[in-house]
Amino acid sequence: MKISTKGRYGLTIMMALAKKSGEGPVSLKSIAKEHDLSEHYLEQLIAPLRNALLVKSVRGAYGGYMLAKEAKQITAGDIIRVLEGPISPVEVLEDEEPAKRDLWIKIRDAVKDVLDNTTLDDLANFKTEGEQEYYMFYI
């Protein structure tokens, strides 16, 4: 399964909204500018997210978009499914060898597990665990 720009940019939008949660509506223009993305493309992605009740829009001069639920209640899987469709890295065929079919099902379930157990809050507040030290070996 390859996640397209729809899924990537959709996560970007949702993470930006989560980071500014509680600060009022956020314009797509500001998200596009901050992340160097096409505002027109983000407008196409926000509609399905709004239809899925993940975001809500606020009209007016200071309008924009806000999360419709708390970031802890929205998973990466929710966002990816809305924008990309069902999560299925490999099509499982019934007439396939049982060992391979079992492998494809395990891969699908592992991907679903990661996406469904990673919340928008996790993504928005992600912090790296420090810089990794690199060792120099002299021979």
# chains A, B, ... in the order shown; residues from 1 in each chain; ligands from 1
call {"tool": "residues_around", "arguments": {"residues": "A:Glu84", "least_positions_apart": "6", "cutoff": "9 Å", "atoms": "only C-alpha atoms", "output": "list in words"}}
result
Ile3, Ser4, Lys6 and Gly7 of chain A
call {"tool": "select_by_dssp", "arguments": {"residues": "stretch 1-138 of chain A", "states": "helix (DSSP H, G or I)", "output": "number ranges by chain"}}
result
A: 5-19, 28-35, 39-51, 71-73, 76-84, 98-116, 120-124
call {"tool": "closest_residue", "arguments": {"among": "A:Asn125, A:Tyr9, A:Arg59, A:Leu17", "to": "A:His40", "atoms": "only C-alpha atoms"}}
result
A:Tyr9
call {"tool": "closest_residue", "arguments": {"among": "A:Ile107, A:Leu11, A:Arg101, A:Lys29", "to": "A:Leu83", "atoms": "only C-alpha atoms"}}
result
A:Leu11
call {"tool": "closest_residue", "arguments": {"among": "A:Gln73, A:Ser38, A:Thr5, A:Ser21", "to": "A:Leu54", "atoms": "only C-alpha atoms"}}
result
A:Gln73
call {"tool": "residues_around", "arguments": {"residues": "A:Ile79", "least_positions_apart": "2", "cutoff": "12 Å", "atoms": "only C-alpha atoms", "output": "JSON, numbers by chain"}}
result
{"A": [3, 6, 7, 8, 9, 10, 11, 12, 13, 14, 15, 45, 46, 48, 49, 50, 51, 52, 53, 54, 55, 67, 71, 73, 74, 75, 76, 77, 81, 82, 83, 84, 85, 86, 87, 115, 116, 118, 119, 120]}
call {"tool": "select_by_dssp", "arguments": {"residues": "chain A", "states": "strand (DSSP E or B)", "output": "VMD selection string"}}
result
chain A and resid 26 55 to 58 64 to 67 75 119
call {"tool": "atom_distance", "arguments": {"atom1": "atom CA of A:Glu94", "atom2": "atom CA of A:Asp113"}}
result
22.7 Å
call {"tool": "atom_distance", "arguments": {"atom1": "atom CA of A:Pro98", "atom2": "atom CA of A:Ala110"}}
result
18.2 Å
